[in-house]
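Undergrad: There's a structure below that I have some questions on.
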Amino acid sequence: MPDTVPGLDLADQPTGYEALTAWWAHMRDHAPVRRDRALGHWHVFRYADAVTVLTDHETWSSDLRSLVRQPEQFAIVARGAFNGFDPPDHRRLRGLVSKAFTPRVVAELEPVVRRITRDLLDAARGEREVELIDALAYPLPLAVIAELMRVPLTDRERFRRWADALFYQGRGDDPVIVPTEEMLLSVEPLIGEMNAYFLDVIAERRRRPGDDLISGLVLAEDGGQRLADEEVLGVCGFLLVAGHITTTMVLGNAVHLLATRPDAAAALRAEPAAIPAAVEEVLRLRGQLPATARRATRDAELGGFLIPEGDVVLVWVASANLDERRFPDADRFRPDRSPNQHLALGRGIHFCIGAPLARLEQRVALEELLAAWRDFRLGDGVEFVDPRQAIGLRRLPIRPVWADHRRPR
Ligand code: HEM
């Protein structure tokens with residue numbers, strides 16, 4: 001069997017979501033582990049192989065920093081972006097962040113998330129058509145993070161530019177997973193602006209700590225060790241992007257799925273207790289992350305191939321979540337699916353640290369939307385993001401039938 005197959009070069013990959021899922025299904029059946037010719041990366045498509053890579057962090061490193069020279073301002077943020085670290089650095093940073101970002105901090109956010117959601121829905125109340133991304137899915141997680149960090153919402157526009165710059169890393173419409181130095185340089189000034197902003201906030205919180213996340217990060221201590229300013233800054237920048245656009249995409253996907261399945265929307269409206277399971281199914285079927293990268297720390301066997309030390313492996317998480325070998329009826333939206341051990345929030349030591357917040361935001365937003373709208377359907381002009389970068393929507397026009405009465409606050 002050749003170790004490369006045609007159609008795996010990034011430039012040849014299908015661009016639309018439907019075509020991409022058909023291609024994943026083909027690869028799961030016929031070439032579950034393969035190497036592409038253009039970049040020499042390996043691609044992993046099946047659930048079982050994805051779990052193998054994600055859970056064996058000793059063989060599959062998350063540290064890709066040596067692949068591309070990081071411009072200075074990115075390198076500063078990277079000091080706190082612990083998703084790209086291996087143990088022991090990963091353990092140290094994740095441990096310190098966990099001390100500030102506890103389940104209690106998240107649980108206490110529920111009324112805040114609800115208030116922000118209601119305010120955003122109120123601002124659109126009565127409209128015949130609501131563009132859901134701009135009206136709710138984008139601003140909600142941004143406002144929640146601003147609240148967590150206790151930074152003024154008036155800085156929202158700047159946050160938006162920084163989060164986009166960090167997320168897309170200057171890739172524009174180019175689907176490459178690891179951005180080039182040139183791409184990074186194109187957005188570096190924005191990152192410099194963000195770094196200066198956060199360093200000011202951090203200095204202020206060191207002087208006058210409060211009960212916010214940044215103060216928590218500044219004060220977090222482990223065996224007498226604290227985070228350096230640039231690590232706190234890196235964590236802030238990383239949380240801004242990790243906790244924001246991901247949530248935007250998944251919420252858009254949830255509403256898009258429910259708009260095309262009025263039966264499911266009606267069932268959830270009648271029984272809100274079923275919403276958490278539906279959120280898991282949205283994450284499985286339309287999680288935001290198409291793929292995540294790892295690098296072999298030694299020669300390793302995977303799917304019958306020998307992967308040489310140093311090679312990059314792209315784990316197509318979204319393909320794994322559609323693997324019929326693991327999920328019966330895998331491409332159907334079954335809101336009550338159980339068990340549902342998807343990989344949309346990762347697996348292993350890098351499992352999403354924001355998962356409780358992600359789940360809270362999705363649940364509360366859906367509860368509020370379903371209460372505010374008696375019914376809803378898709379409007380015209382739905383636009384998707386390139387699914388090789390993120391699975392989600394850029395524009396989601398919704399035509400709601402507004403409920404007459406508000407629920408009491
Ligand atoms: C629905 C929304 C979200 C999705 C789909 C999502 C998805 C993921 C995934 C797949 C990973 C693992 C990546 C890998 O192994 O390469 C991850 C890690 C991470 N996520 Fe999330 N996430 C979401 C929301 C959030 C939120 C709200 C926050 C925080 C405010 C957050 C913070 C993080 C952090 C810090 C990591 C790195 C963890 C580590 O490396 O130890 N995420 N997320």
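In the structure tokens, chains take the letters A, B, ... in the order shown, each chain's residues start at 1, and ligands count up from 1 in the order shown.
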Neighbouring residues of ligand 1 are defined here as those with any atom at most 7 Å from a ligand atom, counting only C-alpha atoms and all ligand atoms; list them as number ranges by chain.
TA: A: 54, 82-84, 90, 94, 145, 238-240, 242-244, 246-247, 250, 283, 287-289, 292-293, 343-347, 349-355, 357-359
Undergrad: Leaving out A:Met27 and any residue of its chain fewer than 3 positions from it, which residues lie within 12 Å of it when counting only C-alpha atoms, given as a ChimeraX atom specification?
TA: /A:5-8,13,20-24,30-35,43-46,316,319-320,322-323
Undergrad: With N, CA and C atoms retained, could you export that selection as a PDB file, in the first residue's frame?
TA:
ATOM      1  N   VAL A   5      -1.750   9.134  -0.445  1.00  0.00           N
ATOM      2  CA  VAL A   5      -2.884   8.929  -1.356  1.00  0.00           C
ATOM      3  C   VAL A   5      -3.240  10.249  -2.012  1.00  0.00           C
ATOM      4  N   PRO A   6      -3.711  10.207  -3.249  1.00  0.00           N
ATOM      5  CA  PRO A   6      -4.119  11.450  -3.872  1.00  0.00           C
ATOM      6  C   PRO A   6      -5.295  12.045  -3.120  1.00  0.00           C
ATOM      7  N   GLY A   7      -5.422  13.335  -3.158  1.00  0.00           N
ATOM      8  CA  GLY A   7      -6.575  13.976  -2.519  1.00  0.00           C
ATOM      9  C   GLY A   7      -6.299  14.378  -1.088  1.00  0.00           C
ATOM     10  N   LEU A   8      -5.117  14.070  -0.582  1.00  0.00           N
ATOM     11  CA  LEU A   8      -4.847  14.435   0.799  1.00  0.00           C
ATOM     12  C   LEU A   8      -4.115  15.760   0.933  1.00  0.00           C
ATOM     13  N   GLN A  13      -8.213  19.292  -0.691  1.00  0.00           N
ATOM     14  CA  GLN A  13      -9.314  18.898   0.192  1.00  0.00           C
ATOM     15  C   GLN A  13     -10.582  19.653  -0.162  1.00  0.00           C
ATOM     16  N   LEU A  20     -16.666  17.941   2.758  1.00  0.00           N
ATOM     17  CA  LEU A  20     -15.619  17.568   3.713  1.00  0.00           C
ATOM     18  C   LEU A  20     -16.049  16.340   4.536  1.00  0.00           C
ATOM     19  N   THR A  21     -17.319  16.316   4.951  1.00  0.00           N
ATOM     20  CA  THR A  21     -17.771  15.156   5.742  1.00  0.00           C
ATOM     21  C   THR A  21     -17.793  13.895   4.870  1.00  0.00           C
ATOM     22  N   ALA A  22     -18.135  14.061   3.591  1.00  0.00           N
ATOM     23  CA  ALA A  22     -18.128  12.891   2.685  1.00  0.00           C
ATOM     24  C   ALA A  22     -16.688  12.390   2.528  1.00  0.00           C
ATOM     25  N   TRP A  23     -15.755  13.326   2.439  1.00  0.00           N
ATOM     26  CA  TRP A  23     -14.338  12.959   2.311  1.00  0.00           C
ATOM     27  C   TRP A  23     -13.848  12.248   3.586  1.00  0.00           C
ATOM     28  N   TRP A  24     -14.241  12.757   4.764  1.00  0.00           N
ATOM     29  CA  TRP A  24     -13.861  12.084   6.020  1.00  0.00           C
ATOM     30  C   TRP A  24     -14.396  10.653   6.028  1.00  0.00           C
ATOM     31  N   HIS A  30     -11.418   3.921   3.961  1.00  0.00           N
ATOM     32  CA  HIS A  30     -10.393   3.419   3.041  1.00  0.00           C
ATOM     33  C   HIS A  30      -8.961   3.808   3.383  1.00  0.00           C
ATOM     34  N   ALA A  31      -8.779   4.879   4.124  1.00  0.00           N
ATOM     35  CA  ALA A  31      -7.405   5.325   4.411  1.00  0.00           C
ATOM     36  C   ALA A  31      -7.378   6.027   5.766  1.00  0.00           C
ATOM     37  N   PRO A  32      -7.702   5.268   6.842  1.00  0.00           N
ATOM     38  CA  PRO A  32      -7.908   5.923   8.147  1.00  0.00           C
ATOM     39  C   PRO A  32      -6.680   6.634   8.706  1.00  0.00           C
ATOM     40  N   VAL A  33      -5.482   6.187   8.305  1.00  0.00           N
ATOM     41  CA  VAL A  33      -4.254   6.907   8.686  1.00  0.00           C
ATOM     42  C   VAL A  33      -3.456   7.086   7.399  1.00  0.00           C
ATOM     43  N   ARG A  34      -3.175   8.308   7.042  1.00  0.00           N
ATOM     44  CA  ARG A  34      -2.443   8.538   5.799  1.00  0.00           C
ATOM     45  C   ARG A  34      -1.586   9.780   5.882  1.00  0.00           C
ATOM     46  N   ARG A  35      -0.591   9.822   4.989  1.00  0.00           N
ATOM     47  CA  ARG A  35       0.352  10.944   4.972  1.00  0.00           C
ATOM     48  C   ARG A  35       0.077  11.765   3.717  1.00  0.00           C
ATOM     49  N   HIS A  43      -2.497  12.144   8.696  1.00  0.00           N
ATOM     50  CA  HIS A  43      -3.897  12.481   9.002  1.00  0.00           C
ATOM     51  C   HIS A  43      -4.565  11.260   9.618  1.00  0.00           C
ATOM     52  N   VAL A  44      -5.335  11.522  10.669  1.00  0.00           N
ATOM     53  CA  VAL A  44      -5.985  10.441  11.410  1.00  0.00           C
ATOM     54  C   VAL A  44      -7.486  10.697  11.400  1.00  0.00           C
ATOM     55  N   PHE A  45      -8.273   9.724  10.967  1.00  0.00           N
ATOM     56  CA  PHE A  45      -9.697   9.983  10.740  1.00  0.00           C
ATOM     57  C   PHE A  45     -10.643   9.205  11.661  1.00  0.00           C
ATOM     58  N   ARG A  46     -10.174   8.060  12.220  1.00  0.00           N
ATOM     59  CA  ARG A  46     -11.111   7.236  13.011  1.00  0.00           C
ATOM     60  C   ARG A  46     -11.055   7.582  14.496  1.00  0.00           C
ATOM     61  N   TRP A 316      -8.173  14.456  13.016  1.00  0.00           N
ATOM     62  CA  TRP A 316      -9.437  15.050  12.578  1.00  0.00           C
ATOM     63  C   TRP A 316     -10.513  14.674  13.601  1.00  0.00           C
ATOM     64  N   SER A 319     -14.033  14.311  12.355  1.00  0.00           N
ATOM     65  CA  SER A 319     -14.265  13.044  11.654  1.00  0.00           C
ATOM     66  C   SER A 319     -14.443  11.916  12.665  1.00  0.00           C
ATOM     67  N   ALA A 320     -13.608  11.906  13.701  1.00  0.00           N
ATOM     68  CA  ALA A 320     -13.715  10.872  14.742  1.00  0.00           C
ATOM     69  C   ALA A 320     -15.107  10.890  15.372  1.00  0.00           C
ATOM     70  N   LEU A 322     -17.783  11.497  13.989  1.00  0.00           N
ATOM     71  CA  LEU A 322     -18.793  10.987  13.047  1.00  0.00           C
ATOM     72  C   LEU A 322     -18.524   9.533  12.686  1.00  0.00           C
ATOM     73  N   ASP A 323     -17.640   8.897  13.460  1.00  0.00           N
ATOM     74  CA  ASP A 323     -17.230   7.526  13.129  1.00  0.00           C
ATOM     75  C   ASP A 323     -18.341   6.537  13.488  1.00  0.00           C
TER      76      ASP A 323
END
Undergrad: Provide the atom CA of A:Val312 to atom CA of A:Ile191 distance in Å, to one decimal place.
TA: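 Those two atoms sit 26.4 Å apart.
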Undergrad: Quick one: pull the distance between atom CA of A:Thr297 and atom CA of A:Ser62, Å, one decimal.
TA: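 Calculated distance between atom CA of A:Thr297 and atom CA of A:Ser62 is 9.9 Å.
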Undergrad: With only C-alpha atoms as the basis for distance, which of A:Ala330, A:Leu136, A:Met249, A:Ile76 is at the shortest distance from A:Ala228?
TA: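 Using only C-alpha atoms, A:Ala228 sits closest to A:Ile76.
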Undergrad: What is the distance, in Å and to one decimal place, between atom CA of A:Asp49 and atom CA of A:Phe305?
TA: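 For atom CA of A:Asp49 relative to atom CA of A:Phe305, the distance reads 11.8 Å.
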Undergrad: Please give the complete set of residues from stretch 342-379 of chain A that DSSP, run on the backbone, assigns to helix (DSSP H, G or I), formatted as a compact mmCIF listing (two decimals) with C-alpha atoms, in the first residue's frame.
TA:
# COMPACT_ATOMS: atom_id res chain seq x y z
CA GLY A 348 -6.47 13.30 27.92
CA ILE A 349 -4.33 15.89 29.70
CA HIS A 350 -5.39 18.71 27.34
CA ALA A 355 -15.69 22.64 29.49
CA PRO A 356 -17.95 23.50 32.49
CA LEU A 357 -18.23 27.10 31.25
CA ALA A 358 -18.76 26.00 27.64
CA ARG A 359 -21.58 23.68 28.72
CA LEU A 360 -23.12 26.32 30.98
CA GLU A 361 -23.18 28.94 28.21
CA GLN A 362 -24.72 26.56 25.69
CA ARG A 363 -27.38 25.35 28.12
CA VAL A 364 -28.41 28.79 29.37
CA ALA A 365 -28.44 30.30 25.87
CA LEU A 366 -30.64 27.48 24.54
CA GLU A 367 -32.99 27.66 27.55
CA GLU A 368 -33.44 31.38 26.99
CA LEU A 369 -33.79 31.17 23.21
CA LEU A 370 -36.35 28.41 23.36
CA ALA A 371 -38.35 30.36 25.95
CA ALA A 372 -38.15 33.60 23.95
Undergrad: When you look at A:Arg161 with a cut-off of 8 Å (counting only C-alpha atoms), what residues show up, excluding the ones that are within fewer than 4 positions of it in the same chain? I need them as an NGL selection string.
TA: :A and (157 or 165 or 190)
Undergrad: For the selection you just gave me, I'd like the residues written to a file as a PDB file, in the first residue's frame, keeping N, CA and C atoms.
TA:
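The new file result.pdb reads:
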ATOM      1  N   GLU A 157     -14.869  45.970  21.216  1.00  0.00           N
ATOM      2  CA  GLU A 157     -14.445  45.964  19.808  1.00  0.00           C
ATOM      3  C   GLU A 157     -12.983  45.556  19.681  1.00  0.00           C
ATOM      4  N   ALA A 165      -7.635  37.872  15.598  1.00  0.00           N
ATOM      5  CA  ALA A 165      -6.228  37.788  15.171  1.00  0.00           C
ATOM      6  C   ALA A 165      -5.576  36.540  15.770  1.00  0.00           C
ATOM      7  N   LEU A 190      -1.571  43.810  16.121  1.00  0.00           N
ATOM      8  CA  LEU A 190      -2.768  43.674  16.961  1.00  0.00           C
ATOM      9  C   LEU A 190      -2.435  42.915  18.245  1.00  0.00           C
TER      10      LEU A 190
END
Undergrad: Just the residues within 6 Å of stretch 253-267 of chain A, please, counting only C-alpha atoms, with nothing from its chain fewer than 6 positions along; format it as a PDB file with N, CA and C atoms, in the first residue's frame.
TA:
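What follows is the written file result03.pdb:
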ATOM      1  N   VAL A 282     -24.897  18.271  19.964  1.00  0.00           N
ATOM      2  CA  VAL A 282     -24.436  19.346  19.071  1.00  0.00           C
ATOM      3  C   VAL A 282     -22.905  19.322  19.027  1.00  0.00           C
ATOM      4  N   ARG A 377     -37.354  29.598  12.267  1.00  0.00           N
ATOM      5  CA  ARG A 377     -36.815  28.877  11.109  1.00  0.00           C
ATOM      6  C   ARG A 377     -35.682  29.682  10.504  1.00  0.00           C
ATOM      7  N   LEU A 378     -34.981  29.033   9.581  1.00  0.00           N
ATOM      8  CA  LEU A 378     -33.829  29.689   8.963  1.00  0.00           C
ATOM      9  C   LEU A 378     -34.278  30.793   8.025  1.00  0.00           C
ATOM     10  N   GLY A 392     -18.585  26.042  11.795  1.00  0.00           N
ATOM     11  CA  GLY A 392     -19.502  27.017  12.354  1.00  0.00           C
ATOM     12  C   GLY A 392     -19.970  27.988  11.298  1.00  0.00           C
TER      13      GLY A 392
END
Undergrad: Give me every strand (DSSP E) residue in stretch 139-247 of chain A, going by DSSP on the backbone, as a PyMOL selection string.
TA: chain A and resi 221-222+225-226
Undergrad: Write a file of the selected residues as a PDB file, in the first residue's frame, keeping C-alpha atoms.
TA:
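result-v5.pdb, written as the output of this step:
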ATOM      1  CA  GLU A 221       0.508  29.798  44.022  1.00  0.00           C
ATOM      2  CA  ASP A 222       1.929  26.305  43.805  1.00  0.00           C
ATOM      3  CA  GLN A 225       5.715  29.485  42.722  1.00  0.00           C
ATOM      4  CA  ARG A 226       3.569  32.104  41.046  1.00  0.00           C
TER       5      ARG A 226
END
Undergrad: Tell me which protein, DNA and RNA residues are within 6 Å of A:Pro397, counting only C-alpha atoms, leaving out same-chain ones fewer than 6 positions away, and put them as a list in words.
TA: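 In the requested format, the answer is Val130, Glu131 and Gly379 of chain A.
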Undergrad: Write the selection just made, keeping C-alpha atoms, as a tab-separated table (two decimals), in the first residue's frame?
TA:
chain	number	residue	atom	x	y	z
A	130	VAL	CA	-32.33	38.07	13.83
A	131	GLU	CA	-28.77	37.48	12.64
A	379	GLY	CA	-33.78	32.94	7.02
Undergrad: So which residues touch A:Asp336 within 9 Å, counting only C-alpha atoms, skipping near sequence neighbours fewer than 3 positions away, as a ChimeraX atom specification?
TA: /A:274-275,277-278,280-281,333
